[in-house]
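Step one of this worksheet: look at the structure below.
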Amino acid sequence: VAVDVPSGVAVDTEDVPLAASGSNTAIRADVTVAFGALKTALVVGPGAALGGQAGLVDIGLGPWLRGTPALLVNGRSDVVDWWPELGPAAEKYTRGVVGLATGSATYPGAAVLSVGGALAGPTGLVRYAGSARADVLLQHPSVIASGRVGDAGRVQAWVCGSGLGTGEEAAAELRAVLAAPVPVVLDADALTLLVDGSMADRLRQRDAPIVVTPHDREFARLCGEEPGADRAAAALRLAAWMNAVVLLKGDRTIVATPDGRAYVNPTGTPVLVTGGTGDVLAGLLGCLLAAGLARERAPAAAAYLHGLAARAAAGSGPVTAP
């Protein structure tokens, strides 16, 4: 049993420093009892794994625990509270319409999977724009499909990039998405297209929210360096620099906002390290934005549900979470 954090784990980050000998001397606890507040090391990174089952004991520190927490952990009750209510007067357009500019002739599966993720959410209609429309309609006949973003029709949010490619045709579709005055999710190839800076003006001109969804290698391409030992701080720096919400994928996915808030997802699971899972997440995230969730709540809720779905699909653990 560890108290507050397992010995050898950095309290304020998820880092597990090495001893002078180069070995890892941190203990692996079965249970960690935290006093007053959960420490950052218990909810993100390798420290969370070393802490085992973490519990919190209130020792009366409430009056001194003021200000913004270093990390916020959204739970089941948060997601339930954020979820759009479906009233008797609702119809498919009032529930929200999400558009997806994903997939290509080379990667039609990315289109099918991202559309599937969008259909799992609360919006009333999904539009697809891209060269994989035949594959999408074969799997999802309820979708309205077109060949390009300009022909897709009105949407309340766009998802762009999963399997899109990085050629000029893909860049033109990304530019069309960025020109739309609605929230956008930029994933995978869309992030690669941002690296050379050619889209910088279009990003700066936007008033509507942007959510980017990098994994560590994509983060390094955007920032020129790996997230490092303090992933939350790294995600917050990128969010401030891009003026975008950053969903930094990982074992404990972090959602960082430009105004300095960071959420950590408690439902992460290693089974998500599988090709195509990010496409599903991007589609679900875009759906939640189109349904009206706030720019930081949509990615936090999407990551939470994505983790639960992965656990259920893999049969690898409980589908319950705090």
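Here, A, B, ... name the chains of the structure tokens in the order displayed, residue numbers run from 1 inside each chain, and ligands are numbered from 1 in the same displayed order.
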
**OP:** Tell me, as a PyMOL selection string, which residues lie within 7 Å of range 83-100 of chain A, counting only C-alpha atoms; anything in the same chain fewer than 3 positions away does not count.
**Re:** chain A and resi 79-80+123-129+155-160+286-287+290-291

With C-alpha atoms retained, export the selected residues as a PDB file, in the first residue's frame.
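Below is the file again04.pdb, written as the result:
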```pdb
ATOM      1  CA  VAL A  79     -20.663  12.544 -19.573  1.00  0.00           C
ATOM      2  CA  VAL A  80     -24.290  11.860 -18.672  1.00  0.00           C
ATOM      3  CA  THR A 123     -26.649  13.627 -34.134  1.00  0.00           C
ATOM      4  CA  GLY A 124     -29.564  13.090 -36.460  1.00  0.00           C
ATOM      5  CA  LEU A 125     -27.733  12.953 -39.793  1.00  0.00           C
ATOM      6  CA  VAL A 126     -24.277  12.121 -41.131  1.00  0.00           C
ATOM      7  CA  ARG A 127     -22.916  13.495 -44.401  1.00  0.00           C
ATOM      8  CA  TYR A 128     -19.842  12.036 -46.058  1.00  0.00           C
ATOM      9  CA  ALA A 129     -17.653  13.803 -48.629  1.00  0.00           C
ATOM     10  CA  VAL A 155     -23.354  20.644 -41.375  1.00  0.00           C
ATOM     11  CA  GLN A 156     -22.797  21.738 -37.761  1.00  0.00           C
ATOM     12  CA  ALA A 157     -19.263  20.266 -37.545  1.00  0.00           C
ATOM     13  CA  TRP A 158     -16.641  18.702 -39.807  1.00  0.00           C
ATOM     14  CA  VAL A 159     -14.214  15.829 -39.271  1.00  0.00           C
ATOM     15  CA  CYS A 160     -11.239  15.868 -41.623  1.00  0.00           C
ATOM     16  CA  GLY A 286     -17.185  15.327 -34.573  1.00  0.00           C
ATOM     17  CA  CYS A 287     -20.673  14.017 -33.904  1.00  0.00           C
ATOM     18  CA  ALA A 290     -22.246  18.844 -34.133  1.00  0.00           C
ATOM     19  CA  ALA A 291     -24.734  17.942 -31.398  1.00  0.00           C
TER      20      ALA A 291
END
```

Subject >> 8 Å contact set for Leu247 in chain A, only C-alpha atoms, chain neighbours under 3 positions out, as a ChimeraX atom specification >> reply: /A:211-214,235,253-256,299

Residue subset to file, keeping all heavy atoms, as a PDB file, in the first residue's frame:
```pdb
ATOM      1  N   VAL A 211     -10.427  21.222 -32.949  1.00  0.00           N
ATOM      2  CA  VAL A 211      -9.917  20.160 -32.083  1.00  0.00           C
ATOM      3  C   VAL A 211      -8.937  19.339 -32.904  1.00  0.00           C
ATOM      4  O   VAL A 211      -9.280  18.866 -33.998  1.00  0.00           O
ATOM      5  CB  VAL A 211     -11.042  19.252 -31.550  1.00  0.00           C
ATOM      6  CG1 VAL A 211     -10.461  18.190 -30.621  1.00  0.00           C
ATOM      7  CG2 VAL A 211     -12.105  20.069 -30.822  1.00  0.00           C
ATOM      8  N   VAL A 212      -7.716  19.181 -32.414  1.00  0.00           N
ATOM      9  CA  VAL A 212      -6.721  18.342 -33.082  1.00  0.00           C
ATOM     10  C   VAL A 212      -6.478  17.103 -32.239  1.00  0.00           C
ATOM     11  O   VAL A 212      -6.554  17.149 -31.010  1.00  0.00           O
ATOM     12  CB  VAL A 212      -5.399  19.102 -33.335  1.00  0.00           C
ATOM     13  CG1 VAL A 212      -5.623  20.264 -34.284  1.00  0.00           C
ATOM     14  CG2 VAL A 212      -4.777  19.595 -32.032  1.00  0.00           C
ATOM     15  N   THR A 213      -6.189  15.979 -32.904  1.00  0.00           N
ATOM     16  CA  THR A 213      -6.161  14.695 -32.203  1.00  0.00           C
ATOM     17  C   THR A 213      -4.847  13.944 -32.454  1.00  0.00           C
ATOM     18  O   THR A 213      -4.854  12.834 -32.997  1.00  0.00           O
ATOM     19  CB  THR A 213      -7.342  13.818 -32.651  1.00  0.00           C
ATOM     20  OG1 THR A 213      -7.228  13.574 -34.067  1.00  0.00           O
ATOM     21  CG2 THR A 213      -8.664  14.490 -32.361  1.00  0.00           C
ATOM     22  N   PRO A 214      -3.703  14.489 -32.075  1.00  0.00           N
ATOM     23  CA  PRO A 214      -2.431  13.814 -32.376  1.00  0.00           C
ATOM     24  C   PRO A 214      -2.117  12.674 -31.411  1.00  0.00           C
ATOM     25  O   PRO A 214      -2.465  12.718 -30.236  1.00  0.00           O
ATOM     26  CB  PRO A 214      -1.409  14.942 -32.208  1.00  0.00           C
ATOM     27  CG  PRO A 214      -2.012  15.815 -31.143  1.00  0.00           C
ATOM     28  CD  PRO A 214      -3.499  15.787 -31.399  1.00  0.00           C
ATOM     29  N   ALA A 235       0.668  19.086 -23.837  1.00  0.00           N
ATOM     30  CA  ALA A 235      -0.602  19.282 -24.525  1.00  0.00           C
ATOM     31  C   ALA A 235      -1.122  20.700 -24.330  1.00  0.00           C
ATOM     32  O   ALA A 235      -1.663  21.316 -25.260  1.00  0.00           O
ATOM     33  CB  ALA A 235      -1.629  18.267 -24.033  1.00  0.00           C
ATOM     34  N   THR A 253      -5.454   9.401 -22.204  1.00  0.00           N
ATOM     35  CA  THR A 253      -5.589  10.509 -23.149  1.00  0.00           C
ATOM     36  C   THR A 253      -5.839  11.815 -22.409  1.00  0.00           C
ATOM     37  O   THR A 253      -6.608  11.866 -21.442  1.00  0.00           O
ATOM     38  CB  THR A 253      -6.734  10.215 -24.132  1.00  0.00           C
ATOM     39  OG1 THR A 253      -6.320   9.146 -24.996  1.00  0.00           O
ATOM     40  CG2 THR A 253      -7.087  11.429 -24.968  1.00  0.00           C
ATOM     41  N   ILE A 254      -5.207  12.879 -22.887  1.00  0.00           N
ATOM     42  CA  ILE A 254      -5.331  14.200 -22.269  1.00  0.00           C
ATOM     43  C   ILE A 254      -6.030  15.142 -23.234  1.00  0.00           C
ATOM     44  O   ILE A 254      -5.727  15.168 -24.429  1.00  0.00           O
ATOM     45  CB  ILE A 254      -3.945  14.757 -21.892  1.00  0.00           C
ATOM     46  CG1 ILE A 254      -3.324  13.909 -20.779  1.00  0.00           C
ATOM     47  CG2 ILE A 254      -4.032  16.213 -21.445  1.00  0.00           C
ATOM     48  CD1 ILE A 254      -1.869  14.170 -20.549  1.00  0.00           C
ATOM     49  N   VAL A 255      -6.978  15.899 -22.721  1.00  0.00           N
ATOM     50  CA  VAL A 255      -7.653  16.945 -23.490  1.00  0.00           C
ATOM     51  C   VAL A 255      -7.253  18.278 -22.886  1.00  0.00           C
ATOM     52  O   VAL A 255      -7.543  18.558 -21.720  1.00  0.00           O
ATOM     53  CB  VAL A 255      -9.184  16.768 -23.456  1.00  0.00           C
ATOM     54  CG1 VAL A 255      -9.875  17.935 -24.155  1.00  0.00           C
ATOM     55  CG2 VAL A 255      -9.585  15.444 -24.099  1.00  0.00           C
ATOM     56  N   ALA A 256      -6.561  19.105 -23.678  1.00  0.00           N
ATOM     57  CA  ALA A 256      -6.053  20.392 -23.193  1.00  0.00           C
ATOM     58  C   ALA A 256      -6.709  21.528 -23.959  1.00  0.00           C
ATOM     59  O   ALA A 256      -6.913  21.436 -25.171  1.00  0.00           O
ATOM     60  CB  ALA A 256      -4.530  20.464 -23.375  1.00  0.00           C
ATOM     61  N   PRO A 299     -14.464  16.362 -26.791  1.00  0.00           N
ATOM     62  CA  PRO A 299     -13.360  15.391 -26.817  1.00  0.00           C
ATOM     63  C   PRO A 299     -13.219  14.603 -25.520  1.00  0.00           C
ATOM     64  O   PRO A 299     -12.847  13.429 -25.548  1.00  0.00           O
ATOM     65  CB  PRO A 299     -12.127  16.260 -27.087  1.00  0.00           C
ATOM     66  CG  PRO A 299     -12.524  17.652 -26.763  1.00  0.00           C
ATOM     67  CD  PRO A 299     -13.985  17.734 -27.019  1.00  0.00           C
TER      68      PRO A 299
END
```

**OP:** Calculate how many Å separate CA of Ala118 in chain A from CA of Leu293 in chain A, rounding to one decimal.
**Re:**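 Pair CA of Ala118 in chain A / CA of Leu293 in chain A returns 14.0 Å.
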
**OP:** Might you pull out every residue within 9 Å of Val43 in chain A, with only C-alpha atoms counted and same-chain residues fewer than 3 positions away left off, and present them as a list in words?
**Re:** Glu14, Leu38, Lys39, Thr40, Gly47, Ala48, Ala49, Gly51, Ala54, Leu71, Val73, Arg252, Val264, Asn265 and Pro266 of chain A

Limited to all heavy atoms, could you put the picked residues into a file as an mmCIF file, in the first residue's frame?
```cif
data_model
loop_
_atom_site.group_PDB
_atom_site.id
_atom_site.type_symbol
_atom_site.label_atom_id
_atom_site.label_comp_id
_atom_site.auth_asym_id
_atom_site.auth_seq_id
_atom_site.Cartn_x
_atom_site.Cartn_y
_atom_site.Cartn_z
ATOM 1 N N GLU A 14 3.670 12.701 -14.588
ATOM 2 C CA GLU A 14 3.574 11.242 -14.655
ATOM 3 C C GLU A 14 4.937 10.586 -14.789
ATOM 4 O O GLU A 14 5.041 9.401 -15.084
ATOM 5 C CB GLU A 14 2.687 10.835 -15.836
ATOM 6 C CG GLU A 14 3.225 11.187 -17.209
ATOM 7 C CD GLU A 14 2.772 12.551 -17.693
ATOM 8 O OE1 GLU A 14 2.562 13.452 -16.854
ATOM 9 O OE2 GLU A 14 2.631 12.725 -18.906
ATOM 10 N N LEU A 38 -6.339 13.773 -5.244
ATOM 11 C CA LEU A 38 -5.554 12.875 -6.079
ATOM 12 C C LEU A 38 -4.367 13.635 -6.655
ATOM 13 O O LEU A 38 -4.500 14.791 -7.068
ATOM 14 C CB LEU A 38 -6.400 12.305 -7.216
ATOM 15 C CG LEU A 38 -7.454 11.260 -6.849
ATOM 16 C CD1 LEU A 38 -8.303 10.935 -8.075
ATOM 17 C CD2 LEU A 38 -6.804 10.003 -6.310
ATOM 18 N N LYS A 39 -3.219 13.001 -6.705
ATOM 19 C CA LYS A 39 -2.029 13.620 -7.267
ATOM 20 C C LYS A 39 -1.963 13.297 -8.763
ATOM 21 O O LYS A 39 -2.441 12.253 -9.215
ATOM 22 C CB LYS A 39 -0.767 13.122 -6.549
ATOM 23 C CG LYS A 39 -0.847 13.209 -5.018
ATOM 24 C CD LYS A 39 -1.268 14.600 -4.537
ATOM 25 C CE LYS A 39 -1.272 14.703 -3.013
ATOM 26 N NZ LYS A 39 -2.388 14.004 -2.379
ATOM 27 N N THR A 40 -1.340 14.196 -9.516
ATOM 28 C CA THR A 40 -1.251 14.029 -10.967
ATOM 29 C C THR A 40 -0.699 12.654 -11.337
ATOM 30 O O THR A 40 -1.177 11.997 -12.271
ATOM 31 C CB THR A 40 -0.356 15.131 -11.566
ATOM 32 O OG1 THR A 40 -0.967 16.404 -11.310
ATOM 33 C CG2 THR A 40 -0.179 14.947 -13.060
ATOM 34 N N GLY A 47 3.041 6.462 -13.822
ATOM 35 C CA GLY A 47 2.774 6.536 -12.391
ATOM 36 C C GLY A 47 1.414 5.976 -12.044
ATOM 37 O O GLY A 47 1.227 5.355 -10.984
ATOM 38 N N ALA A 48 0.433 6.171 -12.936
ATOM 39 C CA ALA A 48 -0.912 5.659 -12.679
ATOM 40 C C ALA A 48 -0.904 4.139 -12.648
ATOM 41 O O ALA A 48 -1.592 3.517 -11.827
ATOM 42 C CB ALA A 48 -1.872 6.174 -13.747
ATOM 43 N N ALA A 49 -0.118 3.532 -13.538
ATOM 44 C CA ALA A 49 -0.040 2.074 -13.540
ATOM 45 C C ALA A 49 0.656 1.559 -12.285
ATOM 46 O O ALA A 49 0.275 0.530 -11.722
ATOM 47 C CB ALA A 49 0.705 1.611 -14.792
ATOM 48 N N GLY A 51 0.587 2.935 -9.417
ATOM 49 C CA GLY A 51 -0.209 3.200 -8.227
ATOM 50 C C GLY A 51 -1.272 2.181 -7.928
ATOM 51 O O GLY A 51 -1.857 2.191 -6.840
ATOM 52 N N ALA A 54 -6.326 3.385 -6.939
ATOM 53 C CA ALA A 54 -6.146 4.619 -6.174
ATOM 54 C C ALA A 54 -7.439 5.006 -5.462
ATOM 55 O O ALA A 54 -8.520 4.946 -6.034
ATOM 56 C CB ALA A 54 -5.711 5.748 -7.100
ATOM 57 N N LEU A 71 -5.190 18.989 -13.070
ATOM 58 C CA LEU A 71 -5.881 18.137 -14.023
ATOM 59 C C LEU A 71 -7.314 17.934 -13.558
ATOM 60 O O LEU A 71 -7.588 17.880 -12.358
ATOM 61 C CB LEU A 71 -5.205 16.768 -14.133
ATOM 62 C CG LEU A 71 -3.869 16.666 -14.858
ATOM 63 C CD1 LEU A 71 -3.323 15.252 -14.729
ATOM 64 C CD2 LEU A 71 -4.021 17.040 -16.318
ATOM 65 N N VAL A 73 -10.526 15.210 -14.008
ATOM 66 C CA VAL A 73 -10.838 13.847 -14.431
ATOM 67 C C VAL A 73 -12.346 13.747 -14.602
ATOM 68 O O VAL A 73 -13.091 13.763 -13.621
ATOM 69 C CB VAL A 73 -10.343 12.804 -13.402
ATOM 70 C CG1 VAL A 73 -10.628 11.392 -13.908
ATOM 71 C CG2 VAL A 73 -8.855 12.975 -13.139
ATOM 72 N N ARG A 252 -3.528 7.246 -21.057
ATOM 73 C CA ARG A 252 -4.469 8.150 -20.395
ATOM 74 C C ARG A 252 -4.540 9.413 -21.263
ATOM 75 O O ARG A 252 -3.743 10.330 -21.117
ATOM 76 C CB ARG A 252 -3.997 8.499 -18.971
ATOM 77 C CG ARG A 252 -3.871 7.305 -18.041
ATOM 78 C CD ARG A 252 -5.216 6.663 -17.743
ATOM 79 N NE ARG A 252 -5.086 5.515 -16.867
ATOM 80 C CZ ARG A 252 -5.308 5.551 -15.554
ATOM 81 N NH1 ARG A 252 -5.646 6.690 -14.975
ATOM 82 N NH2 ARG A 252 -5.184 4.463 -14.829
ATOM 83 N N VAL A 264 -8.052 14.531 -18.049
ATOM 84 C CA VAL A 264 -7.418 13.252 -18.315
ATOM 85 C C VAL A 264 -8.498 12.175 -18.325
ATOM 86 O O VAL A 264 -9.390 12.156 -17.466
ATOM 87 C CB VAL A 264 -6.315 12.930 -17.280
ATOM 88 C CG1 VAL A 264 -6.867 12.879 -15.868
ATOM 89 C CG2 VAL A 264 -5.612 11.620 -17.625
ATOM 90 N N ASN A 265 -8.454 11.319 -19.327
ATOM 91 C CA ASN A 265 -9.482 10.303 -19.494
ATOM 92 C C ASN A 265 -9.184 9.068 -18.647
ATOM 93 O O ASN A 265 -8.090 8.497 -18.743
ATOM 94 C CB ASN A 265 -9.576 9.897 -20.970
ATOM 95 C CG ASN A 265 -10.590 8.790 -21.166
ATOM 96 O OD1 ASN A 265 -11.713 8.889 -20.700
ATOM 97 N ND2 ASN A 265 -10.187 7.722 -21.836
ATOM 98 N N PRO A 266 -10.149 8.620 -17.827
ATOM 99 C CA PRO A 266 -9.876 7.478 -16.939
ATOM 100 C C PRO A 266 -10.165 6.117 -17.546
ATOM 101 O O PRO A 266 -9.982 5.103 -16.876
ATOM 102 C CB PRO A 266 -10.830 7.749 -15.767
ATOM 103 C CG PRO A 266 -12.018 8.405 -16.408
ATOM 104 C CD PRO A 266 -11.450 9.251 -17.519
#
```

**OP:** Mind the document's chain letters and residue numbers, and return as a list of chain:residue names the residues of range 101-198 of chain A that DSSP labels strand (DSSP E).
**Re:**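 Listing strand (DSSP E) positions across range 101-198 of chain A yields A:Ala101, A:Leu125, A:Val126, A:Arg127, A:Tyr128, A:Ala129, A:Ile144, A:Ala145, A:Ser146, A:Ala157, A:Trp158, A:Val159, A:Cys160, A:Val184, A:Val185, A:Leu186.
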
**OP:** Compare A:Arg231, A:His140, A:Arg221, A:Arg148 by their minimum atom-to-atom distance to Asp15 in chain A, counting only C-alpha atoms, and give me the closest one.
**Re:**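 Of all the options, A:Arg231 lies closest to Asp15 in chain A.
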
**OP:** Find the spatial neighbours of Ala2 in chain A, counting only C-alpha atoms, within a cut-off of 9 Å - ignore same-chain residues fewer than 6 positions away - and output them as a ChimeraX atom specification.
**Re:** /A:27-34,51

Write a file of the selected residues as a PDB file, in the first residue's frame, keeping C-alpha atoms.
```pdb
ATOM      1  CA  ILE A  27       7.700   0.564  -6.280  1.00  0.00           C
ATOM      2  CA  ARG A  28       4.586  -1.009  -7.776  1.00  0.00           C
ATOM      3  CA  ALA A  29       1.700  -0.683  -5.349  1.00  0.00           C
ATOM      4  CA  ASP A  30      -1.487  -2.712  -5.251  1.00  0.00           C
ATOM      5  CA  VAL A  31      -3.335   0.197  -3.630  1.00  0.00           C
ATOM      6  CA  THR A  32      -2.475   3.890  -3.241  1.00  0.00           C
ATOM      7  CA  VAL A  33      -4.289   5.991  -0.643  1.00  0.00           C
ATOM      8  CA  ALA A  34      -4.165   9.710  -1.494  1.00  0.00           C
ATOM      9  CA  GLY A  51      -0.209   3.200  -8.227  1.00  0.00           C
TER      10      GLY A  51
END
```

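Proximity to Leu238 in chain A at 10 Å, evaluated using only C-alpha atoms and with sequence-adjacent residues fewer than 6 positions away removed, yields Val212, Phe219, Leu222, Cys223, Pro227, Ala244, Val245, Val246, Leu248, Ala256, Thr257 and Pro258 of chain A.
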
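Of the listed residues A:Leu138, A:Ala300, A:Met199, A:Leu193, the one whose atoms come nearest to Arg76 in chain A is A:Ala300, with distances taken using only C-alpha atoms.
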
Need the shell around Ala37 in chain A: protein/DNA/RNA residues with any atom at most 8 Å away, counting only C-alpha atoms. Skip same-chain ones fewer than 4 positions apart. Format as a PDB file with N, CA, C and O atoms, in the first residue's frame?
```
ATOM      1  N   LEU A  56      -9.132   7.973  -2.469  1.00  0.00           N
ATOM      2  CA  LEU A  56      -8.961   9.311  -1.910  1.00  0.00           C
ATOM      3  C   LEU A  56      -9.590   9.375  -0.524  1.00  0.00           C
ATOM      4  O   LEU A  56     -10.724   8.937  -0.322  1.00  0.00           O
ATOM      5  N   VAL A  57      -8.838   9.916   0.426  1.00  0.00           N
ATOM      6  CA  VAL A  57      -9.329  10.101   1.792  1.00  0.00           C
ATOM      7  C   VAL A  57      -9.396  11.589   2.087  1.00  0.00           C
ATOM      8  O   VAL A  57      -8.403  12.312   1.917  1.00  0.00           O
ATOM      9  N   ASP A  58     -10.563  12.053   2.503  1.00  0.00           N
ATOM     10  CA  ASP A  58     -10.742  13.459   2.844  1.00  0.00           C
ATOM     11  C   ASP A  58     -10.209  13.691   4.262  1.00  0.00           C
ATOM     12  O   ASP A  58     -10.699  13.105   5.227  1.00  0.00           O
TER      13      ASP A  58
END
```
